[in-house]
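To start, the structure under review is shown below, and the notes come after it.
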Amino acid sequence: MVSAMKGTGKCLCGAVSYSAETSTEVSACHCGMCRRWTGGPLLGISAKEVDWSGEDKIRTYTSSPWAERGFCSECGTGLFYRITAPGPAQGSLSLLFGTLEDQAGFELVQEWFIDKKPDTYTLAGERKTLTEAEVMAMFGGSD
Ligand SMILES: [Zn+2]
Ligand SMILES: [Zn+2]
């Protein structure tokens, strides 16, 4: 079972903030889109019942046919990644770990697109990793 905790967070300028129920498990993504968007690996935590404040400042960017990325229109801080493709995962949202106020008590459990990670950095420790081919196979292999 994945345990959950209550968390609060905000963007750099504070125009957007949230409280949410989040997983304690952090996932890293090394795909080219995430690296370009964040400047490094994307660290995300799945969240539900996200209660936004300043929601009118949130803009979304449709980064692929299956997902969108939300950010603060005032300061540009990335806030979330959300699955938009129809199916059981539609609407699933991951908050960007760095936006959380309290980042204690979480565990980095998996790394996506490990074969796309530049040699420049490596996250310490051992955990489950997935290559691009493995990720594509998991989502039906199309697109
Ligand atoms: Zn902001
Ligand atoms: Zn990614």
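The way I read the labels, and the way they are meant: chains A, B, ... in the order of the structure tokens, residue 1 as the first residue of every chain, and ligand 1 as the first ligand shown, with later ones counted on from there.
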
Output as CSV one row per residue of chain A within 10 Å of ligand 1: the closest atom pair and its distance in Å to one decimal place, counting only C-alpha atoms and all ligand atoms, sorted by chain and residue number ascending.
residue,atom,partner,partner_atom_place_in_ligand_line,distance
A:Lys10,CA,ligand 1,1 (Zn),7.6
A:Cys11,CA,ligand 1,1 (Zn),4.5
A:Leu12,CA,ligand 1,1 (Zn),5.0
A:Cys13,CA,ligand 1,1 (Zn),4.0
A:Gly14,CA,ligand 1,1 (Zn),5.2
A:Ala15,CA,ligand 1,1 (Zn),4.8
A:Val16,CA,ligand 1,1 (Zn),5.7
A:Ser17,CA,ligand 1,1 (Zn),8.5
A:Gly54,CA,ligand 1,1 (Zn),9.2
A:Lys57,CA,ligand 1,1 (Zn),7.8
A:Ile58,CA,ligand 1,1 (Zn),8.5
A:Phe71,CA,ligand 1,1 (Zn),7.9
A:Cys72,CA,ligand 1,1 (Zn),4.6
A:Ser73,CA,ligand 1,1 (Zn),6.5
A:Glu74,CA,ligand 1,1 (Zn),4.8
A:Cys75,CA,ligand 1,1 (Zn),4.1
A:Gly76,CA,ligand 1,1 (Zn),6.2
A:Thr77,CA,ligand 1,1 (Zn),5.9
A:Gly78,CA,ligand 1,1 (Zn),8.9
A:Leu79,CA,ligand 1,1 (Zn),9.3

For the contact check between region 35-120 of chain A and region 27-31 of chain A, emit one row per residue of region 35-120 of chain A within 10 Å, containing the shortest atom pair and the distance in Å rounded to one decimal, counting only C-alpha atoms, chain then rising number order, as CSV.
residue,atom,partner,partner_atom,distance
A:Arg35,CA,A:His30,CA,6.2
A:Arg36,CA,A:Cys31,CA,8.6
A:Gly40,CA,A:His30,CA,7.6
A:Pro41,CA,A:His30,CA,4.9
A:Leu42,CA,A:Cys29,CA,5.1
A:Leu43,CA,A:Ala28,CA,4.5
A:Gly44,CA,A:Ser27,CA,5.3
A:Ile45,CA,A:Ser27,CA,6.4
A:Ser46,CA,A:Ser27,CA,8.7
A:Ser94,CA,A:Ser27,CA,9.3
A:Leu96,CA,A:Ser27,CA,9.9
A:Phe97,CA,A:Ser27,CA,9.1
A:Glu107,CA,A:Ser27,CA,8.7
A:Leu108,CA,A:Ser27,CA,5.9
A:Val109,CA,A:Ser27,CA,6.0
A:Gln110,CA,A:Ser27,CA,5.0
A:Glu111,CA,A:Ala28,CA,4.7
A:Trp112,CA,A:Cys29,CA,4.6
A:Phe113,CA,A:His30,CA,5.3
A:Ile114,CA,A:His30,CA,6.1
A:Asp115,CA,A:His30,CA,8.1
A:Lys116,CA,A:Cys31,CA,5.7
A:Lys117,CA,A:His30,CA,5.1
A:Pro118,CA,A:His30,CA,8.2

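With only C-alpha atoms and all ligand atoms as the atoms that count, the residue of A:Trp52, A:Tyr121, A:Trp37, A:Trp66 with the shortest distance to ligand 2 is A:Trp37.
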
Rank A:Asp102, A:Leu123, A:Leu130, A:Ser3 by their smallest atom-to-atom distance to ligand 2, using only C-alpha atoms and all ligand atoms, and report the top residue only. A:Leu130

Please extract the residues of chain A with a backbone DSSP assignment of helix (DSSP H, G or I) and present them as a PDB file with N, CA and C atoms, in the first residue's frame.
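Contents of out-v3.pdb, as written:
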ATOM      1  N   GLY A  32      13.189  13.836 -22.231  1.00  0.00           N
ATOM      2  CA  GLY A  32      13.636  15.115 -22.774  1.00  0.00           C
ATOM      3  C   GLY A  32      12.693  16.265 -22.468  1.00  0.00           C
ATOM      4  N   MET A  33      11.378  15.978 -22.476  1.00  0.00           N
ATOM      5  CA  MET A  33      10.414  17.050 -22.193  1.00  0.00           C
ATOM      6  C   MET A  33      10.525  17.514 -20.747  1.00  0.00           C
ATOM      7  N   CYS A  34      10.626  16.559 -19.819  1.00  0.00           N
ATOM      8  CA  CYS A  34      10.732  16.939 -18.408  1.00  0.00           C
ATOM      9  C   CYS A  34      12.022  17.702 -18.138  1.00  0.00           C
ATOM     10  N   ARG A  35      13.127  17.236 -18.765  1.00  0.00           N
ATOM     11  CA  ARG A  35      14.398  17.938 -18.538  1.00  0.00           C
ATOM     12  C   ARG A  35      14.340  19.351 -19.091  1.00  0.00           C
ATOM     13  N   ARG A  36      13.700  19.512 -20.244  1.00  0.00           N
ATOM     14  CA  ARG A  36      13.607  20.852 -20.842  1.00  0.00           C
ATOM     15  C   ARG A  36      12.704  21.750 -19.985  1.00  0.00           C
ATOM     16  N   TRP A  37      11.633  21.165 -19.459  1.00  0.00           N
ATOM     17  CA  TRP A  37      10.658  21.958 -18.692  1.00  0.00           C
ATOM     18  C   TRP A  37      11.204  22.385 -17.333  1.00  0.00           C
ATOM     19  N   THR A  38      11.926  21.473 -16.660  1.00  0.00           N
ATOM     20  CA  THR A  38      12.352  21.757 -15.290  1.00  0.00           C
ATOM     21  C   THR A  38      13.813  22.187 -15.199  1.00  0.00           C
ATOM     22  N   GLU A  55      -6.095  29.712  -8.504  1.00  0.00           N
ATOM     23  CA  GLU A  55      -6.213  28.825  -9.663  1.00  0.00           C
ATOM     24  C   GLU A  55      -6.282  29.606 -10.989  1.00  0.00           C
ATOM     25  N   ASP A  56      -6.804  30.845 -10.936  1.00  0.00           N
ATOM     26  CA  ASP A  56      -6.905  31.645 -12.167  1.00  0.00           C
ATOM     27  C   ASP A  56      -5.530  32.038 -12.710  1.00  0.00           C
ATOM     28  N   LYS A  57      -4.491  31.882 -11.894  1.00  0.00           N
ATOM     29  CA  LYS A  57      -3.128  32.192 -12.363  1.00  0.00           C
ATOM     30  C   LYS A  57      -2.457  30.984 -13.004  1.00  0.00           C
ATOM     31  N   PHE A  97       7.456  17.989  -6.877  1.00  0.00           N
ATOM     32  CA  PHE A  97       7.923  17.803  -5.510  1.00  0.00           C
ATOM     33  C   PHE A  97       8.503  19.085  -4.902  1.00  0.00           C
ATOM     34  N   GLY A  98       9.247  19.818  -5.707  1.00  0.00           N
ATOM     35  CA  GLY A  98       9.913  21.026  -5.214  1.00  0.00           C
ATOM     36  C   GLY A  98       8.978  22.130  -4.763  1.00  0.00           C
ATOM     37  N   THR A  99       7.694  22.032  -5.114  1.00  0.00           N
ATOM     38  CA  THR A  99       6.749  23.072  -4.707  1.00  0.00           C
ATOM     39  C   THR A  99       6.184  22.836  -3.309  1.00  0.00           C
ATOM     40  N   ILE A 114      15.048   6.124 -17.801  1.00  0.00           N
ATOM     41  CA  ILE A 114      16.425   6.100 -17.292  1.00  0.00           C
ATOM     42  C   ILE A 114      17.450   6.137 -18.422  1.00  0.00           C
ATOM     43  N   ASP A 115      17.072   5.582 -19.585  1.00  0.00           N
ATOM     44  CA  ASP A 115      18.001   5.582 -20.724  1.00  0.00           C
ATOM     45  C   ASP A 115      18.121   6.955 -21.378  1.00  0.00           C
ATOM     46  N   LYS A 116      17.281   7.902 -20.976  1.00  0.00           N
ATOM     47  CA  LYS A 116      17.381   9.260 -21.523  1.00  0.00           C
ATOM     48  C   LYS A 116      18.158  10.192 -20.586  1.00  0.00           C
ATOM     49  N   GLU A 132      12.704   4.013 -21.814  1.00  0.00           N
ATOM     50  CA  GLU A 132      11.648   4.533 -22.680  1.00  0.00           C
ATOM     51  C   GLU A 132      10.810   3.391 -23.251  1.00  0.00           C
ATOM     52  N   ALA A 133      11.466   2.324 -23.714  1.00  0.00           N
ATOM     53  CA  ALA A 133      10.741   1.189 -24.296  1.00  0.00           C
ATOM     54  C   ALA A 133       9.811   0.550 -23.264  1.00  0.00           C
ATOM     55  N   GLU A 134      10.283   0.457 -22.035  1.00  0.00           N
ATOM     56  CA  GLU A 134       9.447  -0.124 -20.968  1.00  0.00           C
ATOM     57  C   GLU A 134       8.246   0.770 -20.651  1.00  0.00           C
ATOM     58  N   VAL A 135       8.471   2.084 -20.660  1.00  0.00           N
ATOM     59  CA  VAL A 135       7.368   3.011 -20.404  1.00  0.00           C
ATOM     60  C   VAL A 135       6.340   2.898 -21.524  1.00  0.00           C
ATOM     61  N   MET A 136       6.809   2.872 -22.774  1.00  0.00           N
ATOM     62  CA  MET A 136       5.898   2.788 -23.920  1.00  0.00           C
ATOM     63  C   MET A 136       5.108   1.478 -23.893  1.00  0.00           C
ATOM     64  N   ALA A 137       5.771   0.394 -23.529  1.00  0.00           N
ATOM     65  CA  ALA A 137       5.097  -0.904 -23.461  1.00  0.00           C
ATOM     66  C   ALA A 137       3.993  -0.874 -22.404  1.00  0.00           C
ATOM     67  N   MET A 138       4.280  -0.173 -21.305  1.00  0.00           N
ATOM     68  CA  MET A 138       3.328  -0.069 -20.206  1.00  0.00           C
ATOM     69  C   MET A 138       2.055   0.666 -20.628  1.00  0.00           C
TER      70      MET A 138
END

If you run DSSP on this backbone, which residues of region 19-130 of chain A come out as strand (DSSP E or B), and could you give them as a PyMOL selection string? chain A and resi 19-29+42-53+58-64+67-72+78-83+93-96+100+107-112+128-129

Between CA of Pro88 (chain A) and CA of Gly7 (chain A), what is the distance, to one decimal in Å?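 Separation of CA of Pro88 (chain A) and CA of Gly7 (chain A): 24.7 Å.
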
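The gap separating CA of Glu126 (chain A) from CA of Thr24 (chain A) is 17.1 Å, in Å to one decimal.
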
Check the smallest atom-to-atom distance from each of A:Thr84, A:Gln103, A:Ala89, A:Ser63 to ligand 2 using only C-alpha atoms and all ligand atoms, then report the winner.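 Answer, going by the shortest atom-to-atom distance: A:Ser63.
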
What is the distance, in Å and to one decimal place, between CA of Ser53 (chain A) and CA of Ala85 (chain A)? 25.6 Å
